[in-house]
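Containing mmCIF, C-alpha atoms: work_1.cif.
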data_protein
loop_
_atom_site.label_atom_id
_atom_site.label_comp_id
_atom_site.auth_asym_id
_atom_site.auth_seq_id
_atom_site.Cartn_x
_atom_site.Cartn_y
_atom_site.Cartn_z
CA MET A 1 -23.00 20.80 33.67
CA PRO A 2 -20.56 22.53 36.04
CA PRO A 3 -19.21 20.33 38.86
CA LEU A 4 -21.11 20.20 42.14
CA LEU A 5 -17.88 20.35 44.12
CA GLU A 6 -14.71 21.87 42.77
CA VAL A 7 -11.49 21.87 44.79
CA ILE A 8 -8.73 23.90 43.17
CA LYS A 9 -5.10 23.71 44.29
CA ILE A 10 -5.82 23.82 48.01
CA GLY A 11 -2.91 23.93 50.41
CA LYS A 12 -2.92 23.67 54.18
CA SER A 13 -0.23 23.82 56.84
CA TYR A 14 -0.32 23.54 60.61
CA GLY A 15 2.37 25.46 62.40
CA ASP A 16 5.48 26.61 60.59
CA SER A 17 6.63 23.35 59.08
CA VAL A 18 3.80 20.79 58.92
CA LYS A 19 2.55 20.92 55.32
CA VAL A 20 -0.59 18.76 55.25
CA LEU A 21 -1.93 19.46 51.74
CA ARG A 22 -0.08 20.57 48.61
CA GLU A 23 -2.10 21.96 45.68
CA VAL A 24 -4.84 19.33 45.83
CA SER A 25 -7.42 19.58 43.02
CA PHE A 26 -10.46 17.44 42.17
CA GLN A 27 -14.10 17.69 41.12
CA ILE A 28 -17.33 15.85 41.88
CA GLY A 29 -20.26 16.00 39.50
CA ALA A 30 -23.96 15.84 40.36
CA GLY A 31 -24.91 12.30 41.35
CA GLU A 32 -21.29 11.14 41.29
CA CYS A 33 -19.21 9.39 43.94
CA LEU A 34 -15.53 10.20 44.15
CA GLY A 35 -13.53 7.80 46.30
CA LEU A 36 -10.59 9.36 48.12
CA VAL A 37 -8.06 6.85 49.39
CA GLY A 38 -4.84 7.24 51.30
CA GLU A 39 -2.89 6.06 54.29
CA SER A 40 -3.28 7.54 57.76
CA GLY A 41 -1.75 11.00 57.85
CA SER A 42 -2.09 11.57 54.11
CA GLY A 43 -4.45 14.54 54.59
CA LYS A 44 -7.89 12.95 54.12
CA SER A 45 -9.40 14.36 57.32
CA THR A 46 -8.04 17.83 56.57
CA ILE A 47 -9.78 17.80 53.19
CA THR A 48 -13.02 16.91 54.99
CA ARG A 49 -12.68 19.85 57.37
CA LEU A 50 -11.98 22.27 54.54
CA ILE A 51 -14.96 21.14 52.45
CA LEU A 52 -17.27 21.36 55.47
CA GLY A 53 -16.06 24.88 56.22
CA LEU A 54 -14.68 23.87 59.62
CA ASP A 55 -11.28 25.22 58.58
CA LYS A 56 -9.91 27.48 55.86
CA PRO A 57 -7.29 26.56 53.27
CA ASP A 58 -4.05 28.55 53.25
CA SER A 59 -4.24 28.66 49.47
CA GLY A 60 -6.54 27.53 46.71
CA GLU A 61 -10.33 27.59 46.32
CA ILE A 62 -13.36 25.41 47.11
CA PHE A 63 -16.67 25.81 45.25
CA VAL A 64 -20.00 24.10 45.96
CA SER A 65 -22.56 24.66 43.18
CA GLY A 66 -20.41 27.56 42.02
CA GLN A 67 -20.32 29.25 45.43
CA ALA A 68 -16.87 30.01 46.86
CA VAL A 69 -17.39 28.44 50.29
CA HIS A 70 -13.82 29.16 51.41
CA ARG A 71 -14.66 32.87 51.38
CA LEU A 72 -17.88 32.63 53.37
CA LYS A 73 -18.25 33.76 56.96
CA GLY A 74 -20.97 34.00 59.59
CA LYS A 75 -24.54 33.45 58.42
CA ALA A 76 -23.53 32.86 54.82
CA LEU A 77 -21.18 30.03 55.84
CA ARG A 78 -23.79 28.54 58.16
CA HIS A 79 -26.42 28.62 55.42
CA SER A 80 -24.11 26.90 52.94
CA ARG A 81 -23.55 23.97 55.30
CA LYS A 82 -27.01 22.56 54.71
CA HIS A 83 -25.86 21.63 51.20
CA VAL A 84 -22.93 19.52 52.46
CA GLN A 85 -23.43 17.03 55.28
CA VAL A 86 -21.13 14.37 56.73
CA VAL A 87 -21.21 10.82 58.07
CA PHE A 88 -18.27 10.28 60.41
CA GLN A 89 -16.21 7.20 61.16
CA ASP A 90 -17.49 6.60 64.70
CA PRO A 91 -21.29 6.91 64.97
CA ALA A 92 -21.13 6.62 68.76
CA ALA A 93 -19.02 9.77 68.94
CA SER A 94 -21.19 11.70 66.47
CA LEU A 95 -24.50 11.11 68.30
CA ASN A 96 -25.40 12.99 71.49
CA PRO A 97 -25.75 10.28 74.17
CA ARG A 98 -28.35 12.37 76.01
CA LEU A 99 -30.71 12.73 73.06
CA ARG A 100 -33.31 10.17 72.08
CA ILE A 101 -32.81 8.83 68.57
CA TRP A 102 -35.69 10.74 67.01
CA LYS A 103 -34.31 14.02 68.34
CA SER A 104 -30.83 13.27 66.99
CA VAL A 105 -32.25 12.55 63.53
CA VAL A 106 -34.11 15.86 63.23
CA GLU A 107 -31.59 17.96 65.13
CA PRO A 108 -30.20 19.57 61.93
CA LEU A 109 -33.71 20.72 60.99
CA GLU A 110 -33.85 22.86 64.14
CA ASN A 111 -31.11 24.99 62.59
CA PHE A 112 -32.81 25.04 59.18
CA PRO A 113 -36.57 25.10 59.81
CA ASP A 114 -37.24 26.06 56.18
CA VAL A 115 -35.97 22.69 54.91
CA GLU A 116 -38.43 19.88 54.27
CA PRO A 117 -36.95 16.74 52.68
CA LYS A 118 -38.74 16.38 49.35
CA PHE A 119 -37.74 12.73 48.93
CA LEU A 120 -40.04 11.81 51.81
CA THR A 121 -43.66 11.50 50.75
CA ASN A 122 -46.91 11.21 52.70
CA VAL A 123 -45.37 12.39 55.96
CA SER A 124 -47.83 14.18 58.19
CA GLY A 125 -47.42 15.46 61.72
CA GLY A 126 -44.41 16.90 63.49
CA GLN A 127 -40.70 16.19 63.77
CA ARG A 128 -41.20 12.83 65.44
CA GLU A 129 -43.12 11.56 62.41
CA LEU A 130 -40.46 12.99 60.12
CA ALA A 131 -37.77 11.19 62.15
CA ALA A 132 -39.72 7.93 61.80
CA ALA A 133 -39.86 8.40 58.01
CA LEU A 134 -36.12 9.09 57.86
CA LEU A 135 -35.35 6.03 59.95
CA ASP A 136 -37.54 3.93 57.69
CA ARG A 137 -35.61 5.28 54.70
CA VAL A 138 -32.39 3.80 56.10
CA GLY A 139 -33.95 0.50 57.14
CA LEU A 140 -34.74 1.13 60.81
CA GLY A 141 -38.07 0.74 62.57
CA SER A 142 -40.04 3.26 64.62
CA GLU A 143 -39.44 1.19 67.76
CA LEU A 144 -36.01 2.87 67.96
CA LEU A 145 -37.37 6.43 68.13
CA ASP A 146 -37.29 6.74 71.92
CA ARG A 147 -34.10 4.81 72.53
CA TYR A 148 -30.72 6.35 73.30
CA PRO A 149 -27.56 5.74 71.23
CA ASP A 150 -26.05 3.32 73.76
CA GLN A 151 -29.09 1.06 73.28
CA LEU A 152 -28.29 0.57 69.58
CA SER A 153 -25.73 -1.58 67.80
CA GLY A 154 -22.89 0.00 65.83
CA GLY A 155 -24.63 -0.62 62.52
CA GLN A 156 -27.89 0.85 63.80
CA LYS A 157 -26.09 3.95 65.05
CA GLN A 158 -24.44 4.46 61.67
CA ARG A 159 -27.83 4.17 59.95
CA VAL A 160 -29.13 6.85 62.33
CA ALA A 161 -26.16 9.04 61.40
CA ILE A 162 -26.95 8.55 57.71
CA ALA A 163 -30.62 9.42 58.30
CA ARG A 164 -29.56 12.59 60.08
CA GLY A 165 -27.21 13.46 57.22
CA LEU A 166 -30.07 13.09 54.75
CA SER A 167 -32.52 15.18 56.81
CA LEU A 168 -31.42 18.43 55.15
CA GLU A 169 -31.51 16.83 51.71
CA PRO A 170 -27.90 17.86 50.98
CA LYS A 171 -26.36 18.01 47.55
CA LEU A 172 -23.17 16.34 48.79
CA LEU A 173 -22.64 13.78 51.55
CA VAL A 174 -19.09 13.40 52.82
CA CYS A 175 -18.59 9.84 54.06
CA ASP A 176 -15.45 9.92 56.20
CA GLU A 177 -14.42 6.29 56.86
CA PRO A 178 -18.10 5.39 57.48
CA THR A 179 -17.57 1.63 57.87
CA SER A 180 -14.11 1.29 59.43
CA SER A 181 -15.43 0.94 63.01
CA LEU A 182 -18.03 -1.71 62.09
CA ASP A 183 -17.95 -5.50 61.85
CA VAL A 184 -17.27 -6.88 58.37
CA SER A 185 -20.82 -8.16 57.83
CA VAL A 186 -22.28 -4.83 58.93
CA GLN A 187 -19.86 -2.93 56.69
CA ALA A 188 -21.36 -4.60 53.63
CA GLN A 189 -24.89 -3.65 54.73
CA ILE A 190 -23.95 0.01 55.21
CA LEU A 191 -22.15 0.17 51.87
CA ASN A 192 -25.16 -1.32 50.10
CA LEU A 193 -27.44 1.20 51.82
CA LEU A 194 -25.25 4.13 50.80
CA LYS A 195 -25.11 2.93 47.21
CA GLU A 196 -28.90 2.48 47.07
CA LEU A 197 -29.47 5.98 48.46
CA LYS A 198 -27.06 7.48 45.94
CA GLU A 199 -28.85 5.84 43.03
CA GLU A 200 -32.35 6.62 44.27
CA LEU A 201 -31.80 10.20 45.47
CA GLY A 202 -29.17 11.32 42.96
CA ILE A 203 -26.98 12.57 45.79
CA SER A 204 -23.23 13.07 45.35
CA TYR A 205 -20.65 11.45 47.65
CA LEU A 206 -17.10 12.10 48.65
CA PHE A 207 -16.28 8.64 49.99
CA ILE A 208 -13.11 8.74 52.07
CA SER A 209 -11.48 5.49 53.16
CA HIS A 210 -8.32 3.45 53.41
CA ASP A 211 -10.30 0.37 52.31
CA ILE A 212 -9.67 0.07 48.57
CA ALA A 213 -12.34 -2.63 48.13
CA ALA A 214 -15.02 -0.40 49.67
CA VAL A 215 -13.90 2.56 47.60
CA ARG A 216 -13.98 0.56 44.38
CA PHE A 217 -17.48 -0.73 45.19
CA MET A 218 -18.87 2.72 45.93
CA SER A 219 -17.11 5.03 43.51
CA ASP A 220 -17.40 6.23 39.95
CA ARG A 221 -13.91 7.69 40.11
CA ILE A 222 -11.01 7.29 42.55
CA ALA A 223 -8.36 9.75 43.70
CA VAL A 224 -5.23 8.62 45.55
CA LEU A 225 -3.69 10.86 48.20
CA LYS A 226 -0.10 10.47 49.38
CA ASP A 227 1.72 12.82 51.74
CA GLY A 228 -0.75 15.61 51.06
CA GLN A 229 -0.67 15.33 47.28
CA LEU A 230 -3.08 13.74 44.81
CA ILE A 231 -0.87 11.46 42.78
CA ASP A 232 -3.50 9.60 40.75
CA GLN A 233 -7.11 10.06 39.55
CA PHE A 234 -8.99 7.59 37.37
CA ALA A 235 -12.28 5.82 36.68
CA ALA A 236 -12.98 3.10 39.26
CA GLY A 237 -12.92 0.44 36.55
CA ASP A 238 -9.32 1.39 35.75
CA LEU A 239 -8.01 0.66 39.26
CA PHE A 240 -5.81 -2.22 38.11
CA SER A 241 -4.74 -0.66 34.83
CA PRO A 242 -0.98 -0.80 34.12
CA GLU A 243 -1.16 2.95 33.59
CA ARG A 244 -1.71 3.53 37.32
CA HIS A 245 0.87 5.37 39.38
CA PRO A 246 3.44 2.97 40.93
CA TYR A 247 2.25 3.95 44.41
CA THR A 248 -1.35 3.16 43.49
CA ARG A 249 -0.36 -0.28 42.20
CA LYS A 250 1.67 -1.01 45.32
CA TRP A 251 -1.04 0.28 47.59
CA THR A 252 -3.76 -1.84 46.02
CA GLU A 253 -1.63 -4.93 46.49
CA THR A 254 -1.08 -4.17 50.18
CA PRO A 255 -3.91 -1.89 51.43
CA ALA A 256 -3.06 0.62 54.14
#
Could you render the structure as structure tokens?
Amino acid sequence: MPPLLEVIKIGKSYGDSVKVLREVSFQIGAGECLGLVGESGSGKSTITRLILGLDKPDSGEIFVSGQAVHRLKGKALRHSRKHVQVVFQDPAASLNPRLRIWKSVVEPLENFPDVEPKFLTNVSGGQRELAAALLDRVGLGSELLDRYPDQLSGGQKQRVAIARGLSLEPKLLVCDEPTSSLDVSVQAQILNLLKELKEELGISYLFISHDIAAVRFMSDRIAVLKDGQLIDQFAAGDLFSPERHPYTRKWTETPA
């Protein structure tokens, strides 16, 4: 099968001299998780923006299900975004503090009223009932529906963000440092939830982190980014192989 996501030699600069990405290429297959690791400033966030269509590469190409998303504009670009959703690092910043939780969860569906998550069964009623089903899917109870984000813990807010990301039933979920702002015990819970959802729904992940242990736990394959270049790609089980790039070996010994 062709890859779900295909990134081909993308380059990106800001200003005249700041080269952020240099001919970065990778693929993600259907139902696969690719872990992308790198230090701060290596270009991870820029890759996220390019895949989401929030910015355009200076060179190279990006395909989602064979569609050249880097060429899309206007309505076509907006329509393509339902196939790729994101869970950000800070759930407090990604949730509207003025919206009740149930409204935040179904907010994406207001932009795509034709979408009805097929993985949810026996849901009757309106958007509030759909929000309750999505919350249940990520391990939260309906008692949270009418609360506001500041009334939830960090872990609960991240589960809400995951439920919202799933509401459009995307093909690819970009997880951009999804556990780095959480307590260690809560991090493990969120990672287990994401892994369960991947296995049950067959969704693909781009899992971006500087935490090599989290990346190894989540990923089928790992790509290592350094100074805007991918210097190593390998199966997750080969992380400690002597064939790894010297930077990869050094980085795994002393995580960024």
- Query: Which one is closest to Thr248 of chain A: A:His83, A:Lys226, A:Lys157, A:Lys19? Count all atoms listed in the file.
  - Reply: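 So, comparing all the options, the nearest one is A:Lys226.
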- Message: Using only C-alpha atoms, which protein or nucleic acid residues come within 8 Å of segment 167-176 of chain A? Drop anything in the same chain fewer than 5 positions from it, and give the result as an MDAnalysis selection string.
- Response: chainID A and resid 4 30 45 48 82:89 105:106 108:109 112 115:119 134 203:209
- Please write the residues picked by the PyMOL selection byres ((chain A and resi 188) around 12) on this file as a ChimeraX atom specification. /A:155,178-180,182-187,189-195,213-215,217-218
- Message: Taking (-11.2, 17.5, 55.3) in the coordinates of the supplied file, I want to know which residues reach to within 12 Å of it, counting all atoms listed in the file; could you give the answer as a ChimeraX atom specification?
- Response: /A:7,10-12,20-21,24,36,41-57,62,86,88,174-177,206-208,228
- Message: When the PyMOL selection byres ((chain A and resi 26) around 9) is applied to the structure above, which residues does it catch, written out as a list in words?
- Response: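 On this input, the PyMOL selection byres ((chain A and resi 26) around 9) captures Leu5, Glu6, Val7, Ile8, Lys9, Val24, Ser25, Gln27, Ile28, Ala223, Leu230 and Gln233 of chain A.
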- Query: Rounded to one decimal in Å, what is the spacing between atom CA of Pro149 of chain A and atom CA of Asp90 of chain A?
  - Reply: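 Atom CA of Asp90 of chain A lies at a distance of 12.0 Å from atom CA of Pro149 of chain A.
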- Item | Test item: the PyMOL selection byres ((chain A and resi 220) around 6) resolved as a PyMOL selection string | chain A and resi 33+219+221+236
- Spatial neighbours of Leu99 of chain A, max dist 9 Å, only C-alpha atoms, sep filter under 3 positions, as a count of residues only: 9
- Task: Would you work out the distance separating atom CA of Leu201 of chain A from atom CA of Ala132 of chain A, expressed in Å to one decimal?
- Result: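 If I compute the distance from atom CA of Leu201 of chain A to atom CA of Ala132 of chain A, I get 18.3 Å.
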- Query: Taking only C-alpha atoms into account, which of A:Ile222, A:Arg71, A:Arg249, A:Glu107 comes nearest Leu34 of chain A?
  - Reply: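 For Leu34 of chain A, the nearest of the given residues is A:Ile222.
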- Query: Of the candidates A:Val64, A:Leu152, A:Leu120, A:Val18, which one gets nearest to Leu140 of chain A if we count only C-alpha atoms?
  - Reply: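 Counting only C-alpha atoms, the residue closest to Leu140 of chain A is A:Leu152.
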- Item | Pick from A:Ser181, A:Gly38, A:Met1, A:Gln151, whichever lies nearest to Leu225 of chain A using all atoms listed in the file | A:Gly38
